[in-house]
Amino acid sequence: MQLRAPLASVAMLAAFCQLCSGVSHGQTLTPMCQPSVSSPIIVATHDQIVAAGLRAEPPLTDTKGFGFAWPDTQMGVIKTAAGYEFFTSDGAFHPRQRWQGHEVGNNNYGSVVTTVGTLDNPLGTGNPQDVTISPNPDPGVNPNYSGYTYIGGGPVYQVPEGMTGAGNLLAGYHAELPSNTLYAVHGLAASWDNGLHWTDLGEVVRPNQSFAPMLAPGFDEIGDGPLVLSPDGKYFYFYFPDWPATTITTTHVSVARVRAASLLEAAFGSTHPHTVPFEKFYEGNWHLQPGIGGASTDLAPTWAPQQGGYLDIHSNSALQRYVMIVDNDTTFYYAESIDGLTWTEPMVLGTFADGVKTLAPYPRAVGLGDNPHVLGKSFYVYYTFLHEENGGLPREGNSLRRITLTCP
C-alpha cells in the first residue's frame, strides 16, 4: 500500500499561517477563484449500482426491500499503488448474519462500503466489501451504539508516515437516533486493515439541541464531512450544521476540533481504542463548549437560508486556502477560507436537481494529484443523484455523478 501524504505539507501549512496573520475572524474575505463548472457526467449508472449490490460481500439479504443505495453518505477516497479506493455507506438494512464463519451486521441501516476502481469508475469491477461498523469491545466507549437506527460513513483519513497509526484509517460516521424528526450525531471509527473491518471509537459531535424521542419540529442533518487539518497542523477540524437549543433551524457552518496527536494516540496507540473529546468554536473561543451537545458560533451568519446544507471542506494547494462545497440537495455553492474560520460569501456553482422529483446530495470534492484530499487548480465533485423526493429505498433511477471545477 502506498501511504498518502499528510493533508497539508509543511510548506503549505507555513503559507497558510503566513496568510492567517493578515486576516482575523469576522473580516471580509475575497475569493481567489471563480471556478468554471463542467456539465455533469454519470460515473455509475443505476443499473451498475444494482449489479454491484448483487455481488457485494457479504451478500445483502434484503436487496428487493431496501436495495444497495450507494452512495448514501459523502465518500472517502484514498490513492494506493493499485488505484483508488472509495468508502461510503450503502444505506441498506444489515441484519445479523453469518459470513465465512463470522457474524456480521448490527441490525440497523448503513455501513462503510469499500470499492476499488478509478476516478472514472468508482465502483470498479470487483465485489464491493460491505462492512458494518462493529461496536467497540468496551461498551462504555459508546453506550448509544445499540440505539442507532442508522450508522454509516465514508470520509476517511489515512494516517501518514511519522504519525501514530501510520497507514491506518479513520472514518467519520453519521448515526441517527429514533425520534419524530431527524436527530443525527457524528462519530469516528478506525480500521487497521484498509477498511475490511471497522471498530467504533465513539461519538465526537452532537447538536446543541438535546435528544428526546418526541422532539419539537426541527431537522438535524449533521452531515458526514471529512476531518480537515487546521492551518498549523495541530488539530483536526470537523464542519457541520449545528442545531441550537433555542431555535428550530440549524447554523450554516459550525466547527469543532480535536488535537490530532491526541486523537491518533487514543485510536491507534492504545490497547483500548477510543476517541477523545472535541470542542466547538463558540464566540471566538475554543475552550468553552464541548463537541457533545455544546453551543457553537455560525461561521457564516450572513448567508441566505438556502445556502446551508451538506458541507465538504478541503485544502487547496494551488490557492493556499481551504475550499468549501455546500450542497442544499439541489444547488451547489463554493466558498474559500484562509484560516478555516472566516469564509467568503458563497457563489453559485449550479443547480443539479429540481428539489421536487430529484435530489443531488452528498457532495465530495476529490483532488487529482497523489493525495485526493488536497485539491488543485482543477478537481472533481462527486454527488448522488436521486429520482425520489424523500430519498427513500429502494432508489429507482439513482446514479453517481460528477462535475469538474477549474480555477483559471
# chains A, B, ... in the order shown; residues from 1 in each chain; ligands from 1
>>> select_by_dssp(residues="range 47-292 of chain A", states="alpha helix (DSSP H)", output="list in words")
Asp47, Gln48, Ile49, Val50, Ala51, Ala52, Gly53, Leu54, Ala260, Ala261, Ser262, Leu263, Leu264, Glu265, Ala266, Ala267 and Phe268 of chain A
>>> write_last_selection(atoms="C-alpha atoms", output="PDB file, in the first residue's frame")
ATOM      1  CA  ASP A  47     -28.030  -0.455 -13.347  1.00  0.00           C
ATOM      2  CA  GLN A  48     -24.340  -0.576 -12.422  1.00  0.00           C
ATOM      3  CA  ILE A  49     -25.170   0.220  -8.793  1.00  0.00           C
ATOM      4  CA  VAL A  50     -27.833  -2.506  -8.685  1.00  0.00           C
ATOM      5  CA  ALA A  51     -25.397  -5.017 -10.205  1.00  0.00           C
ATOM      6  CA  ALA A  52     -22.725  -4.083  -7.659  1.00  0.00           C
ATOM      7  CA  GLY A  53     -25.199  -4.611  -4.835  1.00  0.00           C
ATOM      8  CA  LEU A  54     -25.941  -8.118  -6.064  1.00  0.00           C
ATOM      9  CA  ALA A 260      -4.645  15.500  16.075  1.00  0.00           C
ATOM     10  CA  ALA A 261      -1.839  13.820  18.043  1.00  0.00           C
ATOM     11  CA  SER A 262      -4.176  13.058  20.961  1.00  0.00           C
ATOM     12  CA  LEU A 263      -6.825  11.517  18.710  1.00  0.00           C
ATOM     13  CA  LEU A 264      -4.351   9.338  16.818  1.00  0.00           C
ATOM     14  CA  GLU A 265      -2.746   8.151  20.046  1.00  0.00           C
ATOM     15  CA  ALA A 266      -6.148   7.220  21.525  1.00  0.00           C
ATOM     16  CA  ALA A 267      -7.263   5.441  18.350  1.00  0.00           C
ATOM     17  CA  PHE A 268      -4.070   3.651  17.317  1.00  0.00           C
TER      18      PHE A 268
END
>>> residues_around(residues="Val77 in chain A", least_positions_apart="5", cutoff="7 Å", atoms="only C-alpha atoms", output="PDB file with C-alpha atoms, in the first residue's frame")
ATOM      1  CA  TYR A  84      -8.219   4.382  -5.880  1.00  0.00           C
ATOM      2  CA  GLU A  85     -10.266   3.071  -3.000  1.00  0.00           C
ATOM      3  CA  PHE A  86     -13.673   4.590  -2.265  1.00  0.00           C
ATOM      4  CA  PHE A  87     -15.591   4.438   1.005  1.00  0.00           C
ATOM      5  CA  VAL A 156     -11.620   8.707   5.595  1.00  0.00           C
ATOM      6  CA  PRO A 372      -7.175  13.046  -3.283  1.00  0.00           C
TER       7      PRO A 372
END
>>> closest_residue(among="A:Ser89, A:Thr61, A:Thr125, A:Gln320", to="Thr73 in chain A", atoms="only C-alpha atoms")
A:Ser89
>>> select_by_dssp(residues="range 76-309 of chain A", states="strand (DSSP E or B)", output="PyMOL selection string")
chain A and resi 76-80+83-88+93-94+97-99+102-104+108-109+112-118+121+129-131+133-134+150-158+169-177+183-191+198-206+220+228-229+235-240+254-259+279-282+285-290+292
>>> closest_atom_pairs(of="range 280-309 of chain A", to="range 192-212 of chain A", cutoff="6 Å", atoms="only C-alpha atoms", output="JSON lines")
{"residue": "A:Gly291", "atom": "CA", "partner": "A:Val205", "partner_atom": "CA", "distance": 4.6}
{"residue": "A:Ile292", "atom": "CA", "partner": "A:Arg206", "partner_atom": "CA", "distance": 4.6}
{"residue": "A:Gly293", "atom": "CA", "partner": "A:Asn208", "partner_atom": "CA", "distance": 4.4}
{"residue": "A:Gly294", "atom": "CA", "partner": "A:Asn208", "partner_atom": "CA", "distance": 5.2}
{"residue": "A:Ala295", "atom": "CA", "partner": "A:Asn208", "partner_atom": "CA", "distance": 5.3}
>>> write_last_selection(atoms="N, CA and C atoms", output="PDB file, in the first residue's frame")
ATOM      1  N   GLY A 291     -17.795  19.219  22.243  1.00  0.00           N
ATOM      2  CA  GLY A 291     -18.348  18.743  20.985  1.00  0.00           C
ATOM      3  C   GLY A 291     -19.672  18.034  21.173  1.00  0.00           C
ATOM      4  N   ILE A 292     -19.833  17.330  22.272  1.00  0.00           N
ATOM      5  CA  ILE A 292     -21.073  16.618  22.555  1.00  0.00           C
ATOM      6  C   ILE A 292     -22.059  17.581  23.213  1.00  0.00           C
ATOM      7  N   GLY A 293     -22.935  18.181  22.405  1.00  0.00           N
ATOM      8  CA  GLY A 293     -24.020  18.989  22.930  1.00  0.00           C
ATOM      9  C   GLY A 293     -23.737  20.448  23.187  1.00  0.00           C
ATOM     10  N   GLY A 294     -22.498  20.900  23.056  1.00  0.00           N
ATOM     11  CA  GLY A 294     -22.185  22.291  23.342  1.00  0.00           C
ATOM     12  C   GLY A 294     -22.752  23.248  22.304  1.00  0.00           C
ATOM     13  N   ALA A 295     -22.694  24.545  22.637  1.00  0.00           N
ATOM     14  CA  ALA A 295     -23.130  25.585  21.700  1.00  0.00           C
ATOM     15  C   ALA A 295     -21.999  25.899  20.727  1.00  0.00           C
TER      16      ALA A 295
END
>>> closest_atom_pairs(of="range 274-326 of chain A", to="range 341-350 of chain A", cutoff="10 Å", atoms="only C-alpha atoms", output="tab-separated table")
residue	atom	partner	partner_atom	distance
A:Phe281	CA	A:Leu341	CA	9.0
A:Gly284	CA	A:Leu341	CA	9.6
A:Asp298	CA	A:Leu341	CA	9.7
A:Leu299	CA	A:Leu341	CA	6.3
A:Ala300	CA	A:Trp343	CA	7.0
A:Thr302	CA	A:Glu345	CA	8.1
A:Trp303	CA	A:Glu345	CA	7.0
A:Ala304	CA	A:Pro346	CA	9.4
A:Gln307	CA	A:Pro346	CA	7.5
A:Gly308	CA	A:Pro346	CA	9.9
A:Tyr322	CA	A:Trp343	CA	9.0
A:Val323	CA	A:Trp343	CA	9.1
A:Met324	CA	A:Trp343	CA	8.7
A:Ile325	CA	A:Pro346	CA	9.0
A:Val326	CA	A:Pro346	CA	8.4
>>> write_last_selection(atoms="C-alpha atoms", output="compact mmCIF listing (two decimals), in the first residue's frame")
# COMPACT_ATOMS: atom_id res chain seq x y z
CA PHE A 281 -15.80 27.05 18.31
CA GLY A 284 -14.28 33.44 19.36
CA ASP A 298 -22.30 30.16 12.99
CA LEU A 299 -19.23 30.94 10.88
CA ALA A 300 -21.48 32.13 8.04
CA THR A 302 -24.87 36.34 6.67
CA TRP A 303 -25.54 33.51 4.28
CA ALA A 304 -29.09 33.14 2.98
CA GLN A 307 -27.08 28.42 1.28
CA GLY A 308 -26.81 25.83 4.08
CA TYR A 322 -9.42 25.95 2.20
CA VAL A 323 -12.28 25.33 -0.21
CA MET A 324 -15.84 24.54 0.83
CA ILE A 325 -18.55 22.97 -1.30
CA VAL A 326 -22.06 23.48 0.08
>>> atom_distance(atom1="CA of Ser36 in chain A", atom2="CA of Met75 in chain A")
22.8 Å
>>> closest_residue(among="A:Arg401, A:Arg321, A:His174, A:Lys377", to="Ala360 in chain A", atoms="only C-alpha atoms")
A:Arg401
>>> residues_around(residues="Arg364 in chain A", least_positions_apart="5", cutoff="10 Å", atoms="only C-alpha atoms", output="ChimeraX atom specification")
/A:73-77,154-155,225-226,310-314,325-327,373,380-384,402
>>> write_last_selection(atoms="N, CA and C atoms", output="PDB file, in the first residue's frame")
ATOM      1  N   THR A  73     -23.807   8.302   1.763  1.00  0.00           N
ATOM      2  CA  THR A  73     -23.126   9.360   2.515  1.00  0.00           C
ATOM      3  C   THR A  73     -22.109  10.012   1.587  1.00  0.00           C
ATOM      4  N   GLN A  74     -21.509  11.088   2.050  1.00  0.00           N
ATOM      5  CA  GLN A  74     -20.365  11.632   1.337  1.00  0.00           C
ATOM      6  C   GLN A  74     -19.239  10.597   1.333  1.00  0.00           C
ATOM      7  N   MET A  75     -18.480  10.546   0.236  1.00  0.00           N
ATOM      8  CA  MET A  75     -17.490   9.497   0.050  1.00  0.00           C
ATOM      9  C   MET A  75     -16.151   9.857   0.689  1.00  0.00           C
ATOM     10  N   GLY A  76     -15.372   8.813   0.924  1.00  0.00           N
ATOM     11  CA  GLY A  76     -13.960   8.961   1.222  1.00  0.00           C
ATOM     12  C   GLY A  76     -13.170   8.353   0.082  1.00  0.00           C
ATOM     13  N   VAL A  77     -12.004   8.911  -0.207  1.00  0.00           N
ATOM     14  CA  VAL A  77     -11.181   8.425  -1.318  1.00  0.00           C
ATOM     15  C   VAL A  77      -9.725   8.418  -0.874  1.00  0.00           C
ATOM     16  N   GLY A 154     -18.184   7.425   5.363  1.00  0.00           N
ATOM     17  CA  GLY A 154     -17.471   7.461   4.095  1.00  0.00           C
ATOM     18  C   GLY A 154     -16.158   8.207   4.166  1.00  0.00           C
ATOM     19  N   PRO A 155     -16.157   9.511   4.549  1.00  0.00           N
ATOM     20  CA  PRO A 155     -14.925  10.282   4.553  1.00  0.00           C
ATOM     21  C   PRO A 155     -13.853   9.629   5.432  1.00  0.00           C
ATOM     22  N   GLY A 225     -18.928  15.032   6.895  1.00  0.00           N
ATOM     23  CA  GLY A 225     -17.775  15.635   6.233  1.00  0.00           C
ATOM     24  C   GLY A 225     -16.461  15.025   6.676  1.00  0.00           C
ATOM     25  N   PRO A 226     -15.366  15.401   6.008  1.00  0.00           N
ATOM     26  CA  PRO A 226     -14.051  14.842   6.329  1.00  0.00           C
ATOM     27  C   PRO A 226     -13.390  15.546   7.506  1.00  0.00           C
ATOM     28  N   TYR A 310     -25.241  20.214   3.137  1.00  0.00           N
ATOM     29  CA  TYR A 310     -24.077  19.347   3.262  1.00  0.00           C
ATOM     30  C   TYR A 310     -22.806  20.162   3.038  1.00  0.00           C
ATOM     31  N   LEU A 311     -21.781  19.906   3.862  1.00  0.00           N
ATOM     32  CA  LEU A 311     -20.532  20.654   3.800  1.00  0.00           C
ATOM     33  C   LEU A 311     -19.373  19.711   3.465  1.00  0.00           C
ATOM     34  N   ASP A 312     -18.531  20.135   2.533  1.00  0.00           N
ATOM     35  CA  ASP A 312     -17.338  19.367   2.194  1.00  0.00           C
ATOM     36  C   ASP A 312     -16.176  20.341   2.099  1.00  0.00           C
ATOM     37  N   ILE A 313     -15.155  20.173   2.944  1.00  0.00           N
ATOM     38  CA  ILE A 313     -14.049  21.132   3.052  1.00  0.00           C
ATOM     39  C   ILE A 313     -12.727  20.423   2.821  1.00  0.00           C
ATOM     40  N   HIS A 314     -11.854  21.048   2.026  1.00  0.00           N
ATOM     41  CA  HIS A 314     -10.525  20.507   1.752  1.00  0.00           C
ATOM     42  C   HIS A 314      -9.538  21.663   1.576  1.00  0.00           C
ATOM     43  N   ILE A 325     -17.414  23.202  -0.414  1.00  0.00           N
ATOM     44  CA  ILE A 325     -18.546  22.971  -1.297  1.00  0.00           C
ATOM     45  C   ILE A 325     -19.774  22.778  -0.415  1.00  0.00           C
ATOM     46  N   VAL A 326     -20.809  23.560  -0.668  1.00  0.00           N
ATOM     47  CA  VAL A 326     -22.060  23.480   0.079  1.00  0.00           C
ATOM     48  C   VAL A 326     -23.148  23.007  -0.880  1.00  0.00           C
ATOM     49  N   ASP A 327     -23.952  22.042  -0.431  1.00  0.00           N
ATOM     50  CA  ASP A 327     -24.986  21.458  -1.278  1.00  0.00           C
ATOM     51  C   ASP A 327     -26.287  21.377  -0.478  1.00  0.00           C
ATOM     52  N   HIS A 373      -7.345  14.117  -1.090  1.00  0.00           N
ATOM     53  CA  HIS A 373      -7.940  15.043  -0.125  1.00  0.00           C
ATOM     54  C   HIS A 373      -7.474  16.481  -0.351  1.00  0.00           C
ATOM     55  N   TYR A 380     -12.500  17.364  -9.001  1.00  0.00           N
ATOM     56  CA  TYR A 380     -13.825  16.805  -9.224  1.00  0.00           C
ATOM     57  C   TYR A 380     -14.703  17.017  -7.994  1.00  0.00           C
ATOM     58  N   VAL A 381     -16.019  17.064  -8.227  1.00  0.00           N
ATOM     59  CA  VAL A 381     -17.003  16.996  -7.147  1.00  0.00           C
ATOM     60  C   VAL A 381     -18.006  15.911  -7.527  1.00  0.00           C
ATOM     61  N   TYR A 382     -18.031  14.840  -6.717  1.00  0.00           N
ATOM     62  CA  TYR A 382     -18.977  13.749  -6.915  1.00  0.00           C
ATOM     63  C   TYR A 382     -20.232  14.021  -6.084  1.00  0.00           C
ATOM     64  N   TYR A 383     -21.367  13.501  -6.532  1.00  0.00           N
ATOM     65  CA  TYR A 383     -22.596  13.606  -5.751  1.00  0.00           C
ATOM     66  C   TYR A 383     -23.555  12.510  -6.182  1.00  0.00           C
ATOM     67  N   THR A 384     -24.504  12.200  -5.303  1.00  0.00           N
ATOM     68  CA  THR A 384     -25.538  11.221  -5.602  1.00  0.00           C
ATOM     69  C   THR A 384     -26.730  11.924  -6.242  1.00  0.00           C
ATOM     70  N   ARG A 402     -20.719  13.434 -11.457  1.00  0.00           N
ATOM     71  CA  ARG A 402     -19.500  14.201 -11.184  1.00  0.00           C
ATOM     72  C   ARG A 402     -19.453  15.452 -12.038  1.00  0.00           C
TER      73      ARG A 402
END
